[in-house]
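Working notes, structure below.
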Amino acid sequence: RNDMITDMLGKRQEEDLRALNRAENEFRSLHQQPSQRREWDLYDPDSLKKDKPARVHDDDPRCGISSLQKFDGEDLNGKARKKYQDEQNRKWFTEQMKEKEQAKNNQAFADKLYENKMRELDERAMDLQNCEDQCRRAINMATKDFNKAQDQERKEKERLRDQQTLDDNLTEIANHVYGDILTENPAIAQSAFGPHRVIPDRWKGMTPQQLEDIRKEQERQRLENERRKMEEDLRNKEWERQQNANARAGLLMEREADRKRRDIQKQQADENRRLGQ
């Protein structure tokens, strides 16, 4: 496109130069004839033929009142003046036609440049719109993935909560089934005032199995707490990683769109500045 504009400007410059040379040659042919030089009378071969008569023109200072060379109504330079006026009119008409043709060509060239510029601006606007659409689709996709991850995490929490509830219920049922009351365990001497109190007249001390069960239950609770804590830490880390990834992706897309928009605006400003010069 720049090569085409350069070529058109070069052709226009060459045409202006040719028009200037033609005008210069016409001016020389009309106003710089050898007979118009100051020293022409020194080497004019027809000097005698061109010798001044008694009266040259209407305003000849040699023609006084008593010379009988000037009369009212005479016009000695009428034909020459009319011929000069016709030539001048033809010249003006030719120059006007050339100016009109040049103006027409300039207008056509300007219209073509304007059309090309508008087409280029439309293409840039379409490119910018496509870029914005791509960024919007990418952001929507990232948001969809983020919402999907949130939904999966919510379902996983609900599943773990339901599983924990089920485990607690099964544990409670097992405790009732295998408890001292239903099994008629003689170690029923535990006091009703609290699990840490017993009935003295019935209590015979804790059996090794009870002690072992307590230790196992403590160990199980400790392991269960550690497992829950590890799962919670993993879920928090995964959630934080997904949030950071989505934020970085959105930021990169917005930066890319801003950079392309600034490049297009800068190119448009440079093109307008160049055309304005």
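Chain labels A, B, ... are given in the sequence in which chains occur in the structure tokens; within each chain residues are numbered consecutively from 1, and ligands are likewise numbered from 1 in the order shown.
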Problem set entry | Within 8 Å of stretch 259-269 of chain A using only C-alpha atoms, minus same-chain residues under 3 positions, as a ChimeraX atom specification | /A:121,124,128,255-256,272-273
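Residues within 12 Å of A:Ile5, counting only C-alpha atoms and excluding same-chain residues fewer than 4 positions away, are Arg1, Leu9, Gly10, Lys11, Arg12, Phe109, Ala110, Lys112, Leu113, Tyr114, Asn116, Lys117, Arg274 and Leu275 of chain A.
Coordinates place atom CA of A:Lys104 at a distance of 19.7 Å from atom CA of A:Thr6.
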List every residue of stretch 80-229 of chain A that DSSP, applied to the backbone of this structure, places in alpha helix (DSSP H), and write the result as a compact mmCIF listing (two decimals) with N, CA and C atoms, in the first residue's frame.
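Result file selection-v6.txt:
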```txt
# COMPACT_ATOMS: atom_id res chain seq x y z
N ALA A 80 -4.29 44.67 -33.14
CA ALA A 80 -3.29 44.01 -32.28
C ALA A 80 -3.85 43.76 -30.89
N ARG A 81 -4.58 44.74 -30.38
CA ARG A 81 -5.15 44.55 -29.06
C ARG A 81 -6.17 43.42 -29.05
N LYS A 82 -7.01 43.37 -30.11
CA LYS A 82 -8.00 42.30 -30.19
C LYS A 82 -7.32 40.94 -30.34
N LYS A 83 -6.24 40.88 -31.12
CA LYS A 83 -5.50 39.62 -31.28
C LYS A 83 -4.88 39.20 -29.96
N TYR A 84 -4.30 40.16 -29.25
CA TYR A 84 -3.70 39.84 -27.96
C TYR A 84 -4.75 39.38 -26.96
N GLN A 85 -5.90 40.06 -27.01
CA GLN A 85 -6.98 39.66 -26.11
C GLN A 85 -7.48 38.25 -26.42
N ASP A 86 -7.59 37.93 -27.73
CA ASP A 86 -8.02 36.57 -28.10
C ASP A 86 -7.01 35.53 -27.64
N GLU A 87 -5.73 35.85 -27.84
CA GLU A 87 -4.70 34.91 -27.41
C GLU A 87 -4.72 34.73 -25.88
N GLN A 88 -4.89 35.87 -25.21
CA GLN A 88 -4.96 35.79 -23.76
C GLN A 88 -6.18 35.00 -23.29
N ASN A 89 -7.32 35.19 -23.96
CA ASN A 89 -8.52 34.43 -23.61
C ASN A 89 -8.31 32.92 -23.85
N ARG A 90 -7.67 32.60 -25.01
CA ARG A 90 -7.40 31.18 -25.28
C ARG A 90 -6.46 30.60 -24.22
N LYS A 91 -5.47 31.39 -23.83
CA LYS A 91 -4.54 30.92 -22.82
C LYS A 91 -5.25 30.70 -21.48
N TRP A 92 -6.09 31.68 -21.12
CA TRP A 92 -6.83 31.52 -19.87
C TRP A 92 -7.76 30.32 -19.92
N PHE A 93 -8.42 30.13 -21.07
CA PHE A 93 -9.32 28.98 -21.21
C PHE A 93 -8.54 27.66 -21.08
N THR A 94 -7.36 27.64 -21.75
CA THR A 94 -6.54 26.42 -21.67
C THR A 94 -6.08 26.17 -20.24
N GLU A 95 -5.65 27.24 -19.58
CA GLU A 95 -5.21 27.08 -18.19
C GLU A 95 -6.37 26.63 -17.29
N GLN A 96 -7.56 27.19 -17.52
CA GLN A 96 -8.72 26.77 -16.73
C GLN A 96 -9.07 25.31 -16.96
N MET A 97 -8.99 24.88 -18.23
CA MET A 97 -9.25 23.46 -18.52
C MET A 97 -8.23 22.56 -17.84
N LYS A 98 -6.95 22.99 -17.88
CA LYS A 98 -5.92 22.20 -17.22
C LYS A 98 -6.13 22.17 -15.70
N GLU A 99 -6.47 23.35 -15.17
CA GLU A 99 -6.71 23.39 -13.72
C GLU A 99 -7.91 22.52 -13.34
N LYS A 100 -8.97 22.54 -14.15
CA LYS A 100 -10.12 21.70 -13.86
C LYS A 100 -9.75 20.22 -13.95
N GLU A 101 -8.97 19.88 -15.00
CA GLU A 101 -8.57 18.48 -15.14
C GLU A 101 -7.67 18.05 -13.98
N GLN A 102 -6.74 18.96 -13.59
CA GLN A 102 -5.87 18.64 -12.47
C GLN A 102 -6.66 18.51 -11.16
N ALA A 103 -7.63 19.43 -10.98
CA ALA A 103 -8.47 19.34 -9.79
C ALA A 103 -9.28 18.05 -9.78
N LYS A 104 -9.78 17.67 -10.97
CA LYS A 104 -10.53 16.41 -11.07
C LYS A 104 -9.64 15.22 -10.72
N ASN A 105 -8.42 15.23 -11.26
CA ASN A 105 -7.49 14.14 -10.96
C ASN A 105 -7.13 14.12 -9.47
N ASN A 106 -6.90 15.32 -8.92
CA ASN A 106 -6.58 15.38 -7.49
C ASN A 106 -7.74 14.88 -6.63
N GLN A 107 -8.97 15.25 -7.03
CA GLN A 107 -10.12 14.79 -6.27
C GLN A 107 -10.28 13.28 -6.37
N ALA A 108 -10.05 12.74 -7.57
CA ALA A 108 -10.13 11.28 -7.73
C ALA A 108 -9.07 10.58 -6.91
N PHE A 109 -7.86 11.16 -6.91
CA PHE A 109 -6.77 10.56 -6.12
C PHE A 109 -7.10 10.63 -4.62
N ALA A 110 -7.65 11.79 -4.18
CA ALA A 110 -8.00 11.93 -2.77
C ALA A 110 -9.13 10.98 -2.40
N ASP A 111 -10.12 10.83 -3.32
CA ASP A 111 -11.21 9.89 -3.03
C ASP A 111 -10.70 8.47 -2.92
N LYS A 112 -9.76 8.12 -3.78
CA LYS A 112 -9.20 6.76 -3.73
C LYS A 112 -8.43 6.54 -2.44
N LEU A 113 -7.64 7.55 -2.04
CA LEU A 113 -6.91 7.43 -0.78
C LEU A 113 -7.88 7.33 0.40
N TYR A 114 -8.95 8.12 0.34
CA TYR A 114 -9.93 8.07 1.43
C TYR A 114 -10.61 6.71 1.49
N GLU A 115 -10.95 6.18 0.30
CA GLU A 115 -11.58 4.86 0.26
C GLU A 115 -10.65 3.79 0.81
N ASN A 116 -9.37 3.84 0.41
CA ASN A 116 -8.40 2.86 0.92
C ASN A 116 -8.23 3.00 2.43
N LYS A 117 -8.19 4.26 2.89
CA LYS A 117 -8.03 4.48 4.33
C LYS A 117 -9.23 3.96 5.10
N MET A 118 -10.44 4.21 4.61
CA MET A 118 -11.63 3.72 5.29
C MET A 118 -11.67 2.20 5.29
N ARG A 119 -11.24 1.59 4.17
CA ARG A 119 -11.21 0.13 4.12
C ARG A 119 -10.21 -0.42 5.14
N GLU A 120 -9.07 0.25 5.22
CA GLU A 120 -8.07 -0.19 6.19
C GLU A 120 -8.57 -0.03 7.62
N LEU A 121 -9.26 1.10 7.91
CA LEU A 121 -9.80 1.30 9.25
C LEU A 121 -10.87 0.26 9.58
N ASP A 122 -11.70 -0.08 8.56
CA ASP A 122 -12.71 -1.11 8.79
C ASP A 122 -12.06 -2.46 9.10
N GLU A 123 -10.99 -2.80 8.35
CA GLU A 123 -10.31 -4.06 8.61
C GLU A 123 -9.70 -4.08 10.00
N ARG A 124 -9.09 -2.94 10.40
CA ARG A 124 -8.53 -2.89 11.75
C ARG A 124 -9.61 -3.00 12.82
N ALA A 125 -10.75 -2.35 12.57
CA ALA A 125 -11.85 -2.45 13.54
C ALA A 125 -12.34 -3.89 13.65
N MET A 126 -12.41 -4.59 12.50
CA MET A 126 -12.83 -5.99 12.53
C MET A 126 -11.82 -6.85 13.28
N ASP A 127 -10.51 -6.58 13.06
CA ASP A 127 -9.49 -7.34 13.78
C ASP A 127 -9.60 -7.10 15.29
N LEU A 128 -9.81 -5.84 15.66
CA LEU A 128 -9.95 -5.53 17.09
C LEU A 128 -11.19 -6.20 17.68
N GLN A 129 -12.30 -6.20 16.91
CA GLN A 129 -13.52 -6.85 17.39
C GLN A 129 -13.31 -8.36 17.55
N ASN A 130 -12.61 -8.97 16.59
CA ASN A 130 -12.33 -10.41 16.69
C ASN A 130 -11.46 -10.71 17.90
N CYS A 131 -10.46 -9.84 18.14
CA CYS A 131 -9.59 -10.04 19.30
C CYS A 131 -10.39 -9.94 20.60
N GLU A 132 -11.28 -8.94 20.67
CA GLU A 132 -12.10 -8.80 21.87
C GLU A 132 -13.03 -10.00 22.06
N ASP A 133 -13.58 -10.51 20.93
CA ASP A 133 -14.46 -11.68 21.04
C ASP A 133 -13.68 -12.90 21.54
N GLN A 134 -12.46 -13.08 21.03
CA GLN A 134 -11.64 -14.20 21.49
C GLN A 134 -11.32 -14.09 22.97
N CYS A 135 -10.96 -12.88 23.39
CA CYS A 135 -10.67 -12.67 24.82
C CYS A 135 -11.92 -12.93 25.67
N ARG A 136 -13.06 -12.47 25.19
CA ARG A 136 -14.30 -12.69 25.95
C ARG A 136 -14.63 -14.18 26.04
N ARG A 137 -14.44 -14.89 24.92
CA ARG A 137 -14.70 -16.34 24.97
C ARG A 137 -13.73 -17.05 25.91
N ALA A 138 -12.45 -16.62 25.88
CA ALA A 138 -11.48 -17.24 26.78
C ALA A 138 -11.83 -16.97 28.25
N ILE A 139 -12.27 -15.73 28.54
CA ILE A 139 -12.64 -15.40 29.92
C ILE A 139 -13.88 -16.20 30.34
N ASN A 140 -14.84 -16.32 29.42
CA ASN A 140 -16.03 -17.11 29.75
C ASN A 140 -15.68 -18.57 30.00
N MET A 141 -14.75 -19.10 29.18
CA MET A 141 -14.35 -20.49 29.37
C MET A 141 -13.64 -20.67 30.71
N ALA A 142 -12.76 -19.71 31.05
CA ALA A 142 -12.06 -19.79 32.34
C ALA A 142 -13.05 -19.69 33.50
N THR A 143 -14.04 -18.80 33.35
CA THR A 143 -15.07 -18.69 34.39
C THR A 143 -15.88 -19.98 34.52
N LYS A 144 -16.19 -20.59 33.37
CA LYS A 144 -16.93 -21.85 33.39
C LYS A 144 -16.13 -22.95 34.09
N ASP A 145 -14.81 -23.01 33.77
CA ASP A 145 -13.97 -24.01 34.44
C ASP A 145 -13.88 -23.76 35.94
N PHE A 146 -13.78 -22.49 36.30
CA PHE A 146 -13.70 -22.14 37.71
C PHE A 146 -14.98 -22.53 38.44
N ASN A 147 -16.13 -22.24 37.82
CA ASN A 147 -17.41 -22.61 38.45
C ASN A 147 -17.55 -24.13 38.53
N LYS A 148 -17.07 -24.81 37.50
CA LYS A 148 -17.13 -26.27 37.53
C LYS A 148 -16.28 -26.83 38.66
N ALA A 149 -15.07 -26.24 38.84
CA ALA A 149 -14.20 -26.69 39.93
C ALA A 149 -14.85 -26.42 41.28
N GLN A 150 -15.50 -25.27 41.42
CA GLN A 150 -16.20 -24.97 42.66
C GLN A 150 -17.33 -25.98 42.93
N ASP A 151 -18.07 -26.31 41.85
CA ASP A 151 -19.17 -27.26 42.02
C ASP A 151 -18.64 -28.63 42.43
N GLN A 152 -17.53 -29.06 41.81
CA GLN A 152 -16.95 -30.35 42.18
C GLN A 152 -16.45 -30.34 43.62
N GLU A 153 -15.85 -29.22 44.01
CA GLU A 153 -15.37 -29.13 45.38
C GLU A 153 -16.55 -29.16 46.37
N ARG A 154 -17.65 -28.49 46.03
CA ARG A 154 -18.83 -28.51 46.90
C ARG A 154 -19.39 -29.93 47.02
N LYS A 155 -19.46 -30.62 45.87
CA LYS A 155 -19.97 -31.99 45.91
C LYS A 155 -19.06 -32.90 46.73
N GLU A 156 -17.74 -32.68 46.60
CA GLU A 156 -16.80 -33.49 47.37
C GLU A 156 -16.97 -33.23 48.87
N LYS A 157 -17.17 -31.97 49.25
CA LYS A 157 -17.39 -31.65 50.67
C LYS A 157 -18.67 -32.31 51.17
N GLU A 158 -19.72 -32.24 50.34
CA GLU A 158 -20.98 -32.88 50.77
C GLU A 158 -20.80 -34.39 50.91
N ARG A 159 -20.06 -34.99 49.96
CA ARG A 159 -19.84 -36.43 50.06
C ARG A 159 -19.07 -36.78 51.33
N LEU A 160 -18.00 -36.00 51.62
CA LEU A 160 -17.23 -36.26 52.83
C LEU A 160 -18.08 -36.06 54.09
N ARG A 161 -18.94 -35.04 54.08
CA ARG A 161 -19.80 -34.80 55.23
C ARG A 161 -20.80 -35.93 55.42
N ASP A 162 -21.38 -36.39 54.29
CA ASP A 162 -22.31 -37.51 54.38
C ASP A 162 -21.61 -38.78 54.85
N GLN A 163 -20.38 -38.98 54.33
CA GLN A 163 -19.62 -40.16 54.75
C GLN A 163 -19.29 -40.09 56.23
N GLN A 164 -18.92 -38.90 56.71
CA GLN A 164 -18.62 -38.74 58.12
C GLN A 164 -19.86 -38.98 58.98
N THR A 165 -20.99 -38.45 58.50
CA THR A 165 -22.24 -38.68 59.24
C THR A 165 -22.57 -40.17 59.30
N LEU A 166 -22.39 -40.85 58.15
CA LEU A 166 -22.65 -42.29 58.13
C LEU A 166 -21.71 -43.03 59.06
N ASP A 167 -20.43 -42.66 59.04
CA ASP A 167 -19.46 -43.30 59.95
C ASP A 167 -19.84 -43.06 61.41
N ASP A 168 -20.25 -41.83 61.71
CA ASP A 168 -20.64 -41.53 63.09
C ASP A 168 -21.86 -42.34 63.50
N ASN A 169 -22.83 -42.46 62.59
CA ASN A 169 -24.03 -43.23 62.90
C ASN A 169 -23.70 -44.71 63.10
N LEU A 170 -22.84 -45.24 62.20
CA LEU A 170 -22.46 -46.65 62.35
C LEU A 170 -21.69 -46.87 63.65
N THR A 171 -20.85 -45.90 63.97
CA THR A 171 -20.11 -46.01 65.23
C THR A 171 -21.04 -45.99 66.43
N GLU A 172 -22.01 -45.10 66.36
CA GLU A 172 -22.97 -45.01 67.46
C GLU A 172 -23.78 -46.30 67.59
N ILE A 173 -24.22 -46.85 66.44
CA ILE A 173 -24.97 -48.11 66.46
C ILE A 173 -24.11 -49.24 67.02
N ALA A 174 -22.84 -49.29 66.56
CA ALA A 174 -21.94 -50.33 67.07
C ALA A 174 -21.72 -50.18 68.56
N ASN A 175 -21.61 -48.94 69.01
CA ASN A 175 -21.42 -48.72 70.46
C ASN A 175 -22.62 -49.21 71.26
N HIS A 176 -23.82 -48.97 70.68
CA HIS A 176 -25.01 -49.45 71.39
C HIS A 176 -25.13 -50.98 71.35
N VAL A 177 -24.80 -51.55 70.17
CA VAL A 177 -24.94 -53.00 70.02
C VAL A 177 -23.96 -53.75 70.90
N PRO A 208 -7.84 -55.12 80.82
CA PRO A 208 -6.84 -54.82 79.76
C PRO A 208 -7.47 -54.55 78.40
N GLN A 209 -8.56 -55.22 78.13
CA GLN A 209 -9.23 -54.98 76.85
C GLN A 209 -9.79 -53.57 76.77
N GLN A 210 -10.36 -53.09 77.90
CA GLN A 210 -10.87 -51.71 77.92
C GLN A 210 -9.75 -50.71 77.71
N LEU A 211 -8.65 -50.97 78.38
CA LEU A 211 -7.52 -50.07 78.20
C LEU A 211 -7.03 -50.08 76.75
N GLU A 212 -6.98 -51.26 76.17
CA GLU A 212 -6.54 -51.37 74.78
C GLU A 212 -7.52 -50.67 73.84
N ASP A 213 -8.82 -50.83 74.13
CA ASP A 213 -9.81 -50.16 73.29
C ASP A 213 -9.68 -48.64 73.38
N ILE A 214 -9.43 -48.16 74.56
CA ILE A 214 -9.26 -46.70 74.72
C ILE A 214 -8.06 -46.20 73.92
N ARG A 215 -6.98 -46.97 74.02
CA ARG A 215 -5.79 -46.55 73.26
C ARG A 215 -6.05 -46.61 71.75
N LYS A 216 -6.73 -47.65 71.31
CA LYS A 216 -7.04 -47.75 69.87
C LYS A 216 -7.96 -46.61 69.41
N GLU A 217 -8.96 -46.30 70.26
CA GLU A 217 -9.87 -45.22 69.89
C GLU A 217 -9.15 -43.87 69.83
N GLN A 218 -8.25 -43.67 70.78
CA GLN A 218 -7.46 -42.43 70.75
C GLN A 218 -6.59 -42.35 69.50
N GLU A 219 -5.99 -43.50 69.18
CA GLU A 219 -5.15 -43.53 67.99
C GLU A 219 -5.98 -43.32 66.72
N ARG A 220 -7.16 -43.95 66.69
CA ARG A 220 -8.03 -43.75 65.53
C ARG A 220 -8.47 -42.30 65.38
N GLN A 221 -8.83 -41.67 66.50
CA GLN A 221 -9.23 -40.26 66.44
C GLN A 221 -8.07 -39.37 66.00
N ARG A 222 -6.90 -39.72 66.50
CA ARG A 222 -5.73 -38.91 66.08
C ARG A 222 -5.48 -39.05 64.57
N LEU A 223 -5.52 -40.28 64.06
CA LEU A 223 -5.34 -40.50 62.63
C LEU A 223 -6.45 -39.84 61.82
N GLU A 224 -7.68 -39.93 62.33
CA GLU A 224 -8.79 -39.30 61.62
C GLU A 224 -8.63 -37.78 61.56
N ASN A 225 -8.19 -37.20 62.65
CA ASN A 225 -7.97 -35.75 62.66
C ASN A 225 -6.86 -35.35 61.69
N GLU A 226 -5.79 -36.15 61.68
CA GLU A 226 -4.70 -35.86 60.73
C GLU A 226 -5.18 -35.99 59.29
N ARG A 227 -5.98 -37.03 59.02
CA ARG A 227 -6.49 -37.21 57.66
C ARG A 227 -7.37 -36.03 57.24
N ARG A 228 -8.27 -35.61 58.13
CA ARG A 228 -9.14 -34.47 57.81
C ARG A 228 -8.32 -33.20 57.58
N LYS A 229 -7.32 -33.02 58.42
CA LYS A 229 -6.50 -31.81 58.27
C LYS A 229 -5.75 -31.83 56.94
```
